[in-house]
$ cat work05.cif   # mmCIF, C-alpha atoms and all ligand atoms
data_data
#
loop_
_atom_site.label_atom_id
_atom_site.label_comp_id
_atom_site.auth_asym_id
_atom_site.auth_seq_id
_atom_site.Cartn_x
_atom_site.Cartn_y
_atom_site.Cartn_z
CA MET A 1 -6.68 77.07 38.76
CA GLY A 2 -6.21 75.19 35.48
CA LYS A 3 -6.14 71.43 35.06
CA LYS A 4 -2.43 71.62 34.35
CA ASP A 5 -1.87 72.77 37.96
CA TRP A 6 -3.80 69.88 39.46
CA THR A 7 -1.73 67.44 41.44
CA PRO A 8 -1.66 63.86 40.10
CA GLN A 9 -3.96 62.78 42.95
CA THR A 10 -6.53 65.40 41.91
CA GLN A 11 -6.21 64.42 38.24
CA ALA A 12 -6.87 60.78 39.18
CA ALA A 13 -9.75 61.47 41.60
CA GLN A 14 -11.58 63.45 38.92
CA ALA A 15 -10.34 61.33 35.99
CA LEU A 16 -9.11 64.65 34.56
CA GLY A 17 -12.45 66.28 35.31
CA TRP A 18 -14.06 65.11 32.08
CA THR A 19 -17.85 65.41 31.92
CA ASP A 20 -20.35 64.45 29.22
CA ALA A 21 -21.06 67.54 27.08
CA GLU A 22 -24.48 66.27 25.99
CA THR A 23 -25.99 65.34 29.37
CA GLY A 24 -23.74 66.94 31.98
CA ALA A 25 -23.04 63.51 33.48
CA VAL A 26 -19.91 63.48 35.68
CA VAL A 27 -19.26 59.87 34.68
CA LEU A 28 -18.78 59.32 30.96
CA PRO A 29 -21.05 56.85 29.14
CA VAL A 30 -19.88 53.37 28.13
CA HIS A 31 -19.73 52.85 24.36
CA PRO A 32 -20.59 49.27 23.43
CA SER A 33 -20.85 49.96 19.67
CA THR A 34 -18.47 47.94 17.50
CA THR A 35 -18.93 50.14 14.44
CA TYR A 36 -19.35 53.80 13.47
CA LEU A 37 -21.26 55.71 10.80
CA ARG A 38 -19.59 56.92 7.65
CA ASP A 39 -20.38 60.43 6.49
CA GLU A 40 -22.45 60.78 3.28
CA ASP A 41 -19.34 61.50 1.25
CA ASN A 42 -17.91 58.16 2.51
CA LEU A 43 -15.37 59.73 4.91
CA TYR A 44 -15.01 59.07 8.63
CA ARG A 45 -14.69 62.67 9.79
CA ARG A 46 -15.48 61.78 13.40
CA GLY A 47 -12.37 59.63 13.37
CA ARG A 48 -13.75 56.23 14.30
CA GLN A 49 -14.58 53.23 12.14
CA TYR A 50 -14.46 49.99 14.08
CA ALA A 51 -13.90 49.09 17.74
CA ARG A 52 -10.94 46.74 17.20
CA ALA A 53 -9.04 49.94 16.40
CA ASP A 54 -10.27 51.96 19.35
CA ASN A 55 -13.26 52.94 21.41
CA PRO A 56 -14.32 56.35 22.82
CA SER A 57 -14.27 54.71 26.27
CA PHE A 58 -10.45 54.38 26.01
CA ASP A 59 -9.93 58.14 25.69
CA GLN A 60 -10.34 59.06 29.34
CA PRO A 61 -8.25 56.31 31.01
CA GLN A 62 -5.55 56.70 28.34
CA ALA A 63 -5.41 60.47 28.81
CA LEU A 64 -5.35 60.07 32.59
CA LEU A 65 -2.57 57.46 32.56
CA SER A 66 -0.57 59.53 30.11
CA ALA A 67 -0.89 62.55 32.43
CA LEU A 68 0.06 60.56 35.54
CA GLU A 69 3.14 59.07 33.83
CA HIS A 70 4.14 62.35 32.07
CA GLY A 71 3.90 60.56 28.72
CA ALA A 72 2.98 61.64 25.20
CA GLN A 73 0.40 58.90 24.70
CA ALA A 74 -1.03 55.83 26.45
CA LEU A 75 -2.70 52.68 25.14
CA ILE A 76 -5.01 50.37 27.08
CA PHE A 77 -4.71 46.64 26.25
CA SER A 78 -6.73 43.50 26.94
CA SER A 79 -4.14 42.36 29.54
CA GLY A 80 -0.75 43.19 30.97
CA MET A 81 0.73 40.32 28.94
CA ALA A 82 -0.82 41.73 25.74
CA ALA A 83 0.76 45.11 26.52
CA ALA A 84 4.17 43.63 27.40
CA THR A 85 4.41 41.17 24.50
CA SER A 86 3.43 43.94 22.04
CA CYS A 87 6.67 45.74 22.97
CA PHE A 88 8.65 42.68 21.85
CA LEU A 89 6.50 41.78 18.83
CA ALA A 90 6.92 45.34 17.49
CA LEU A 91 10.64 44.54 17.07
CA HIS A 92 11.98 42.45 14.18
CA PRO A 93 13.25 38.86 14.09
CA GLY A 94 17.02 39.00 14.66
CA ASP A 95 16.81 41.93 17.09
CA HIS A 96 18.51 41.57 20.47
CA VAL A 97 16.82 42.38 23.78
CA VAL A 98 18.15 42.47 27.34
CA VAL A 99 15.77 41.45 30.12
CA PRO A 100 16.08 40.80 33.88
CA GLU A 101 16.93 37.37 35.25
CA VAL A 102 14.32 37.82 37.98
CA MET A 103 11.04 39.21 36.72
CA TYR A 104 7.31 38.56 36.37
CA TRP A 105 7.21 34.83 35.75
CA SER A 106 4.77 34.54 32.79
CA LEU A 107 6.63 37.14 30.75
CA ARG A 108 9.96 35.47 31.53
CA ALA A 109 8.51 32.14 30.33
CA TRP A 110 7.17 33.76 27.13
CA LEU A 111 10.54 35.40 26.39
CA LYS A 112 12.35 32.09 26.85
CA SER A 113 9.99 30.22 24.52
CA TYR A 114 7.82 32.01 21.95
CA ALA A 115 9.91 35.18 21.68
CA GLN A 116 13.05 33.19 20.87
CA GLU A 117 11.21 30.87 18.45
CA TRP A 118 9.89 33.98 16.72
CA GLY A 119 13.49 35.17 16.22
CA LEU A 120 14.36 37.57 19.03
CA HIS A 121 17.73 37.10 20.75
CA VAL A 122 17.01 37.34 24.46
CA ASP A 123 19.69 37.77 27.15
CA GLY A 124 18.86 37.80 30.86
CA VAL A 125 21.03 39.79 33.27
CA ASP A 126 21.09 40.86 36.90
CA MET A 127 19.74 44.41 36.55
CA ALA A 128 21.28 45.42 39.90
CA ASN A 129 24.71 44.89 38.34
CA LEU A 130 25.22 47.80 35.95
CA GLU A 131 28.50 46.35 34.65
CA ALA A 132 26.63 43.18 33.67
CA VAL A 133 24.00 45.30 31.90
CA ARG A 134 26.72 47.17 30.01
CA ALA A 135 28.40 43.90 29.02
CA ALA A 136 25.13 42.40 27.77
CA LEU A 137 24.34 45.31 25.44
CA LYS A 138 25.26 44.88 21.76
CA PRO A 139 25.41 48.38 20.26
CA GLY A 140 23.37 48.49 17.06
CA LEU A 141 21.80 45.06 17.65
CA THR A 142 20.15 45.60 21.04
CA LYS A 143 16.84 47.33 20.38
CA LEU A 144 15.14 47.06 23.76
CA VAL A 145 16.12 46.79 27.41
CA TRP A 146 13.29 45.64 29.68
CA ILE A 147 13.28 46.15 33.43
CA GLU A 148 10.81 45.62 36.25
CA THR A 149 11.07 47.62 39.48
CA PRO A 150 10.34 46.65 42.22
CA SER A 151 10.70 43.18 40.70
CA ASN A 152 8.80 39.99 41.34
CA PRO A 153 9.13 38.19 43.71
CA LEU A 154 12.25 39.50 45.52
CA TRP A 155 11.30 43.22 45.28
CA GLN A 156 14.71 44.37 44.10
CA ILE A 157 14.97 47.93 42.81
CA THR A 158 16.52 48.69 39.42
CA ASP A 159 18.12 52.09 38.84
CA ILE A 160 15.95 53.39 35.98
CA ALA A 161 18.11 56.46 35.20
CA ALA A 162 21.36 54.45 35.12
CA VAL A 163 19.94 51.68 32.91
CA ALA A 164 18.31 54.25 30.60
CA GLU A 165 21.69 55.88 30.05
CA LEU A 166 23.32 52.52 29.26
CA ALA A 167 20.47 51.48 26.92
CA HIS A 168 20.50 54.78 25.04
CA GLY A 169 24.28 54.62 24.74
CA ALA A 170 23.87 51.34 22.84
CA GLY A 171 21.04 52.70 20.66
CA ALA A 172 18.32 50.76 22.53
CA GLN A 173 15.06 51.89 24.11
CA LEU A 174 14.21 51.26 27.74
CA ALA A 175 10.84 49.82 28.76
CA VAL A 176 9.86 49.58 32.44
CA ASP A 177 7.27 47.22 33.92
CA SER A 178 6.04 49.64 36.59
CA THR A 179 3.06 47.54 37.69
CA CYS A 180 4.19 47.34 41.32
CA ALA A 181 5.53 50.91 41.60
CA THR A 182 2.45 52.55 40.03
CA PRO A 183 2.60 56.21 38.90
CA VAL A 184 1.90 57.12 42.54
CA LEU A 185 5.42 56.10 43.59
CA THR A 186 7.61 56.23 40.45
CA ARG A 187 7.38 57.94 37.05
CA PRO A 188 9.93 56.12 34.86
CA LEU A 189 9.51 58.42 31.83
CA THR A 190 10.82 61.35 33.90
CA LEU A 191 13.90 59.26 34.76
CA GLY A 192 14.84 58.48 31.15
CA ALA A 193 12.67 55.46 30.23
CA ASP A 194 10.96 55.40 26.82
CA ILE A 195 8.00 53.12 27.55
CA VAL A 196 6.13 52.32 30.77
CA MET A 197 4.09 49.13 31.04
CA HIS A 198 1.39 48.27 33.58
CA SER A 199 -0.60 45.21 34.29
CA ALA A 200 -3.68 47.36 34.91
CA THR A 201 -5.22 44.20 36.39
CA LYS A 202 -3.29 45.09 39.54
CA TYR A 203 -3.12 48.52 41.23
CA LEU A 204 -4.57 50.65 38.42
CA ASN A 205 -7.90 48.82 38.54
CA GLY A 206 -7.32 47.69 42.10
CA HIS A 207 -10.37 45.52 42.76
CA SER A 208 -9.38 42.11 41.36
CA ASP A 209 -12.23 42.20 38.84
CA VAL A 210 -10.66 43.27 35.51
CA ILE A 211 -7.82 41.84 33.40
CA ALA A 212 -6.21 44.79 31.58
CA GLY A 213 -2.87 46.24 30.52
CA ALA A 214 -1.41 49.57 29.51
CA LEU A 215 1.60 51.14 27.84
CA VAL A 216 2.68 54.77 27.98
CA ALA A 217 5.24 56.29 25.58
CA LYS A 218 7.53 59.25 26.12
CA THR A 219 7.44 60.08 22.39
CA CYS A 220 5.28 58.88 19.51
CA ASP A 221 8.20 57.55 17.44
CA ASP A 222 8.22 54.79 14.78
CA TYR A 223 8.53 52.07 17.42
CA TRP A 224 5.43 53.39 19.21
CA GLN A 225 3.56 53.56 15.88
CA ARG A 226 4.32 49.86 15.36
CA ILE A 227 3.03 49.04 18.86
CA THR A 228 -0.12 51.09 18.21
CA SER A 229 -0.70 49.36 14.91
CA LEU A 230 -0.10 45.92 16.48
CA ARG A 231 -2.93 46.50 18.96
CA VAL A 232 -5.31 46.94 16.01
CA ARG A 233 -3.85 44.01 14.03
CA LEU A 234 -3.76 41.57 16.94
CA GLY A 235 -7.02 42.92 18.34
CA SER A 236 -5.70 43.05 21.89
CA VAL A 237 -8.18 45.73 22.94
CA LEU A 238 -10.03 45.90 26.23
CA GLY A 239 -13.82 45.58 26.21
CA PRO A 240 -15.84 48.75 26.86
CA PHE A 241 -17.33 47.54 30.14
CA GLU A 242 -13.93 46.54 31.54
CA THR A 243 -12.61 49.91 30.38
CA TYR A 244 -15.34 51.60 32.40
CA LEU A 245 -14.40 49.59 35.50
CA LEU A 246 -10.71 50.39 35.00
CA THR A 247 -11.46 54.12 34.76
CA ARG A 248 -13.51 53.92 37.94
CA GLY A 249 -10.72 52.02 39.71
CA MET A 250 -8.07 54.55 38.72
CA ARG A 251 -9.97 57.33 40.49
CA THR A 252 -9.06 55.83 43.87
CA LEU A 253 -5.51 54.79 42.86
CA PHE A 254 -3.74 57.23 45.16
CA VAL A 255 -5.63 56.47 48.38
CA ARG A 256 -5.41 52.71 47.74
CA VAL A 257 -1.68 52.75 47.01
CA GLN A 258 -0.94 55.04 49.96
CA ALA A 259 -2.92 52.76 52.31
CA ALA A 260 -1.22 49.62 50.94
CA CYS A 261 2.25 51.20 51.34
CA ALA A 262 1.56 52.20 54.95
CA ASN A 263 0.26 48.70 55.75
CA ALA A 264 3.16 46.97 53.99
CA LEU A 265 5.75 48.93 55.97
CA LYS A 266 4.03 48.09 59.29
CA ILE A 267 3.84 44.42 58.30
CA ALA A 268 7.49 44.33 57.17
CA LEU A 269 8.61 45.82 60.51
CA ALA A 270 6.46 43.36 62.49
CA MET A 271 7.68 40.38 60.45
CA ARG A 272 11.33 41.35 61.06
CA GLU A 273 10.65 40.68 64.76
CA ASN A 274 8.85 37.39 64.12
CA PRO A 275 10.79 34.31 65.33
CA HIS A 276 9.46 32.15 62.45
CA VAL A 277 10.68 34.51 59.70
CA ALA A 278 14.24 34.21 58.36
CA GLU A 279 14.18 37.25 56.07
CA VAL A 280 11.81 40.04 55.03
CA LEU A 281 12.24 41.23 51.44
CA TYR A 282 10.95 44.81 51.29
CA PRO A 283 12.86 47.83 49.91
CA GLY A 284 11.28 50.05 52.60
CA LEU A 285 13.38 48.45 55.35
CA VAL A 286 16.44 50.59 56.06
CA HIS A 287 18.89 47.66 56.24
CA ARG A 288 17.98 46.36 52.74
CA PRO A 289 20.77 46.75 50.16
CA ASP A 290 18.62 48.79 47.73
CA HIS A 291 16.94 51.00 50.34
CA ALA A 292 18.96 54.10 49.37
CA LEU A 293 18.16 53.63 45.67
CA ALA A 294 14.49 52.96 46.49
CA THR A 295 14.36 56.17 48.56
CA ARG A 296 15.77 58.13 45.64
CA GLN A 297 13.57 56.57 42.96
CA MET A 298 10.26 56.06 44.80
CA GLN A 299 8.28 58.90 46.38
CA GLY A 300 5.69 58.47 49.09
CA GLY A 301 6.26 54.80 49.86
CA PHE A 302 7.89 51.54 48.84
CA GLY A 303 4.89 49.69 47.49
CA GLY A 304 2.40 47.17 48.77
CA MET A 305 4.39 44.06 47.83
CA LEU A 306 6.78 42.15 50.08
CA SER A 307 8.01 38.61 50.55
CA LEU A 308 8.87 36.54 53.62
CA ARG A 309 11.38 33.72 53.76
CA VAL A 310 10.08 31.33 56.37
CA LYS A 311 12.29 29.38 58.78
CA GLY A 312 11.64 25.68 58.26
CA GLY A 313 11.76 25.88 54.45
CA GLU A 314 9.16 25.01 51.84
CA ALA A 315 6.98 22.80 54.05
CA ALA A 316 6.68 25.49 56.73
CA ALA A 317 5.93 28.14 54.11
CA VAL A 318 3.13 26.03 52.59
CA ARG A 319 1.72 25.26 56.08
CA THR A 320 1.77 28.98 56.94
CA ALA A 321 -0.15 29.86 53.78
CA ALA A 322 -2.63 27.09 54.65
CA ALA A 323 -3.26 28.55 58.12
CA VAL A 324 -4.28 32.13 57.24
CA ARG A 325 -7.88 33.18 57.89
CA LEU A 326 -8.00 36.82 56.81
CA TRP A 327 -5.37 36.82 54.04
CA LYS A 328 -6.60 35.17 50.84
CA ARG A 329 -4.48 32.30 49.50
CA ALA A 330 -4.37 33.33 45.84
CA THR A 331 -2.14 34.58 43.06
CA SER A 332 -2.18 38.15 41.65
CA LEU A 333 -1.63 41.42 43.48
CA GLY A 334 -2.65 45.05 43.78
CA GLY A 335 -6.24 44.56 44.95
CA VAL A 336 -7.91 46.03 48.02
CA GLU A 337 -7.84 42.61 49.70
CA SER A 338 -4.57 41.08 50.95
CA LEU A 339 -3.26 37.98 49.17
CA ILE A 340 -0.64 35.43 50.21
CA GLU A 341 1.02 32.97 47.88
CA HIS A 342 3.66 30.25 48.01
CA ARG A 343 5.31 31.57 44.87
CA GLY A 344 7.63 28.61 44.23
CA SER A 345 4.64 26.31 43.60
CA VAL A 346 3.49 28.66 40.85
CA GLU A 347 6.82 29.26 39.17
CA GLY A 348 8.06 25.65 39.18
CA ALA A 349 11.38 24.33 37.87
CA GLY A 350 13.95 26.86 36.65
CA SER A 351 12.55 29.69 38.78
CA PRO A 352 14.97 31.85 40.77
CA CYS A 353 12.32 32.06 43.51
CA PRO A 354 13.44 30.43 46.81
CA MET A 355 11.09 27.63 47.88
CA ASP A 356 10.71 29.02 51.42
CA LEU A 357 9.25 32.29 50.07
CA LEU A 358 5.75 33.61 50.67
CA ARG A 359 4.70 36.54 48.50
CA LEU A 360 2.36 39.05 50.13
CA SER A 361 0.18 41.54 48.28
CA VAL A 362 -0.91 43.93 51.01
CA GLY A 363 -4.40 45.38 50.72
CA ILE A 364 -6.13 48.23 52.51
CA GLU A 365 -7.50 46.36 55.54
CA THR A 366 -6.33 47.37 59.05
CA ALA A 367 -2.61 46.55 59.45
CA GLU A 368 -3.18 45.17 62.97
CA ASP A 369 -5.68 42.59 61.64
CA LEU A 370 -3.29 41.53 58.89
CA ILE A 371 -0.34 41.25 61.29
CA ALA A 372 -2.34 39.24 63.87
CA ASP A 373 -3.45 36.77 61.18
CA LEU A 374 0.10 36.36 59.85
CA GLU A 375 1.43 35.82 63.38
CA GLN A 376 -1.07 33.07 64.15
CA ALA A 377 -0.44 31.42 60.75
CA LEU A 378 3.37 31.51 61.20
CA ALA A 379 3.01 30.03 64.70
CA ALA A 380 0.76 27.27 63.27
CA GLY A 381 3.16 26.65 60.35
C1 LIG B 401 0.31 40.50 36.52
C2 LIG B 401 1.57 41.06 36.00
C3 LIG B 401 1.83 41.06 34.63
C4 LIG B 401 0.88 40.44 33.62
O1 LIG B 401 -0.34 41.13 33.58
P1 LIG B 401 -1.76 40.44 33.22
O2 LIG B 401 -2.70 41.57 33.36
O3 LIG B 401 -1.96 39.32 34.21
O4 LIG B 401 -1.65 39.91 31.84
C5 LIG B 401 3.03 41.62 34.19
N1 LIG B 401 3.91 42.15 35.06
C6 LIG B 401 3.68 42.18 36.39
C7 LIG B 401 4.70 42.77 37.31
C8 LIG B 401 2.51 41.62 36.91
O5 LIG B 401 2.29 41.63 38.23
#
$ encode --input "work05.cif" --output "structure tokens" --more "lines below"
Ligand SMILES: *Cc1c(COP(=O)(O)O)cnc(C)c1O
Amino acid sequence: MGKKDWTPQTQAAQALGWTDAETGAVVLPVHPSTTYLRDEDNLYRRGRQYARADNPSFDQPQALLSALEHGAQALIFSSGMAAATSCFLALHPGDHVVVPEVMYWSLRAWLKSYAQEWGLHVDGVDMANLEAVRAALKPGLTKLVWIETPSNPLWQITDIAAVAELAHGAGAQLAVDSTCATPVLTRPLTLGADIVMHSATKYLNGHSDVIAGALVAKTCDDYWQRITSLRVRLGSVLGPFETYLLTRGMRTLFVRVQAACANALKIALAMRENPHVAEVLYPGLVHRPDHALATRQMQGGFGGMLSLRVKGGEAAAVRTAAAVRLWKRATSLGGVESLIEHRGSVEGAGSPCPMDLLRLSVGIETAEDLIADLEQALAAG
């Protein structure tokens, strides 16, 4: 049985089965060196010069992520924001981009400030409305369409295949922030996307102890070459020790994501019955408007992220978050421990996030413990 026949879960568990040729170690060594020897004739035949360009420690996680996403090549970055902003900075001033109205808050803020000052024309649309997407595209001028699915913090699903077709029709590329779907549940490159982005800080690493990002390309075209070169020029590379932790985290990606999905569905169903909850935002619930699309686009689960809209508004939501004992009151997502956050307080003025919303990142604890804690906190709130 060759490596090509391995299922993605097997590829991840064994990190592609790589071992150290010199020692036989089943975990590859960390390479802290910043610089590499030249050959006597002044060439760099071994291919490496300086660690702002790359590091041998990147090879394994990049190859693994590329395999999991069915990509041609992957790049690890110093953060999800470094990965995402590189996709925009690799364009040219004057280029037009189409982005979602509701998306990861820090990137939305960056697009509305620095990206525009730098010269990009940025239009936000409702990505669930394909007619609006079509209308926003400017054939020849639009270079990139950016989507996030499921999207923060309302967990709406965007139809990757449909938006890819629209973007390509206008001569634009499609990039997908797939942080919350993970390659376990969705593989955007197989649905027509050109670039996949991850905040590897979240599910890929999975233990809330590394800030990292990643991009995967379907083809190594000129645009991808510019992104690759930007990582060297801006120096947005991950450190070797963090890279080691990320590789270790990715080995348990499948079991963690599967456990989080199972817990999230149980919690969503329990919260639907809760008298203090006005609405549960989770694409895995059959009555949700994008459930059919989510079922088509996501395999094996609907993710570990959901949001609750609490009866009693903002004050009740904040009181509920204050009353949890097991859930951790903190930002971020995708770790093994469950987090709860009053998202409106983070996003502030101009955010499309309702003020009665609590965002839940479901971890891998026992669902019954998580539900009992939420129930007592909602009753106290
Ligand atoms: C966290 C996050 C980011 C940003 O990633 P960092 O690693 O924090 O820089 C981007 N998109 C999504 C969906 C995220 O959750």
$ closest_atom_pairs --input "work05.cif" --of "chain A" --to "ligand LIG 401 (chain B)" --cutoff "7 Å" --atoms "only C-alpha atoms and all ligand atoms" --output "Markdown table"
| residue | atom | partner | partner_atom | distance |
| --- | --- | --- | --- | --- |
| A:Ser79 | CA | B:LIG401 | O2 | 4.2 |
| A:Gly80 | CA | B:LIG401 | O1 | 3.4 |
| A:Met81 | CA | B:LIG401 | O4 | 3.8 |
| A:Ala82 | CA | B:LIG401 | O4 | 6.4 |
| A:Tyr104 | CA | B:LIG401 | C7 | 5.0 |
| A:Leu107 | CA | B:LIG401 | C5 | 6.7 |
| A:Glu148 | CA | B:LIG401 | C7 | 6.8 |
| A:Ser151 | CA | B:LIG401 | C7 | 6.9 |
| A:Asn152 | CA | B:LIG401 | C7 | 6.4 |
| A:Asp177 | CA | B:LIG401 | C7 | 6.2 |
| A:Thr179 | CA | B:LIG401 | C7 | 5.1 |
| A:Cys180 | CA | B:LIG401 | C7 | 6.1 |
| A:His198 | CA | B:LIG401 | N1 | 6.8 |
| A:Ser199 | CA | B:LIG401 | O1 | 4.1 |
| A:Ala200 | CA | B:LIG401 | O2 | 6.1 |
| A:Thr201 | CA | B:LIG401 | O2 | 4.7 |
| A:Lys202 | CA | B:LIG401 | C1 | 6.6 |
| A:Ile211 | CA | B:LIG401 | O2 | 5.1 |
| A:Ala212 | CA | B:LIG401 | O2 | 5.1 |
| A:Gly213 | CA | B:LIG401 | O2 | 5.5 |
| A:Ser332 | CA | B:LIG401 | C1 | 6.2 |
| A:Leu333 | CA | B:LIG401 | O5 | 6.6 |
$ residues_around --input "work05.cif" --residues "stretch 71-74 of chain A" --least-positions-apart "3" --cutoff "12 Å" --atoms "all atoms listed in the file" --output "PyMOL selection string"
chain A and resi 58-68+77+83+183+187-198+213-221+224-225+227-228
$ closest_residue --input "work05.cif" --among "A:Met103, A:Leu137, A:Ala172, A:Val30" --to "A:Ser351" --atoms "all atoms listed in the file"
A:Met103
$ atom_distance --input "work05.cif" --atom1 "atom CA of A:Ala270" --atom2 "atom CA of A:Glu375"
9.1 Å
$ residues_around --input "work05.cif" --residues "stretch 121-135 of chain A" --least-positions-apart "5" --cutoff "7 Å" --atoms "only C-alpha atoms" --output "list in words"
Gly94, Asp95, His96, Val97, Val98, Val99, Pro100, Glu101, Gln116, Thr158 and Leu166 of chain A
$ atom_distance --input "work05.cif" --atom1 "atom CA of A:Gln9" --atom2 "atom CA of A:Leu370"
26.6 Å
$ atom_distance --input "work05.cif" --atom1 "atom CA of A:Ala175" --atom2 "atom CA of A:Leu306"
23.0 Å
$ residues_around --input "work05.cif" --residues "A:Glu347" --least-positions-apart "4" --cutoff "10 Å" --atoms "only C-alpha atoms" --output "VMD selection string"
chain A and resid 104 to 106 109 342 to 343 351 to 353 355
$ build_atoms --input "work05.cif" --residues "stretch 200-215 of chain A" --atoms "N, CA and C atoms" --output "short mmCIF file (atom, residue, chain, number, x, y, z; two decimals), in the frame of the given file"
data_model
loop_
_atom_site.label_atom_id
_atom_site.label_comp_id
_atom_site.auth_asym_id
_atom_site.auth_seq_id
_atom_site.Cartn_x
_atom_site.Cartn_y
_atom_site.Cartn_z
N ALA A 200 -2.63 46.55 34.30
CA ALA A 200 -3.68 47.36 34.91
C ALA A 200 -4.64 46.50 35.72
N THR A 201 -4.50 45.18 35.56
CA THR A 201 -5.22 44.20 36.39
C THR A 201 -4.94 44.44 37.87
N LYS A 202 -3.76 45.00 38.16
CA LYS A 202 -3.29 45.09 39.54
C LYS A 202 -3.72 46.43 40.15
N TYR A 203 -2.76 47.31 40.47
CA TYR A 203 -3.12 48.52 41.23
C TYR A 203 -4.01 49.48 40.45
N LEU A 204 -3.81 49.63 39.14
CA LEU A 204 -4.57 50.65 38.42
C LEU A 204 -6.07 50.38 38.55
N ASN A 205 -6.48 49.13 38.32
CA ASN A 205 -7.90 48.82 38.54
C ASN A 205 -8.16 48.60 40.03
N GLY A 206 -7.35 47.75 40.64
CA GLY A 206 -7.32 47.69 42.10
C GLY A 206 -8.37 46.86 42.81
N HIS A 207 -9.29 46.24 42.08
CA HIS A 207 -10.37 45.52 42.76
C HIS A 207 -10.48 44.06 42.32
N SER A 208 -9.43 43.53 41.73
CA SER A 208 -9.38 42.11 41.36
C SER A 208 -10.59 41.69 40.53
N ASP A 209 -11.08 42.59 39.65
CA ASP A 209 -12.23 42.20 38.84
C ASP A 209 -12.10 42.59 37.35
N VAL A 210 -10.89 42.96 36.93
CA VAL A 210 -10.66 43.27 35.51
C VAL A 210 -9.26 42.80 35.13
N ILE A 211 -9.13 42.12 33.98
CA ILE A 211 -7.82 41.84 33.40
C ILE A 211 -7.58 42.93 32.35
N ALA A 212 -6.49 43.69 32.52
CA ALA A 212 -6.21 44.79 31.58
C ALA A 212 -4.73 45.13 31.62
N GLY A 213 -4.27 45.80 30.58
CA GLY A 213 -2.87 46.24 30.52
C GLY A 213 -2.78 47.64 29.94
N ALA A 214 -1.60 48.23 30.05
CA ALA A 214 -1.41 49.57 29.51
C ALA A 214 0.05 49.80 29.17
N LEU A 215 0.27 50.64 28.16
CA LEU A 215 1.60 51.14 27.84
C LEU A 215 1.51 52.66 27.75
#
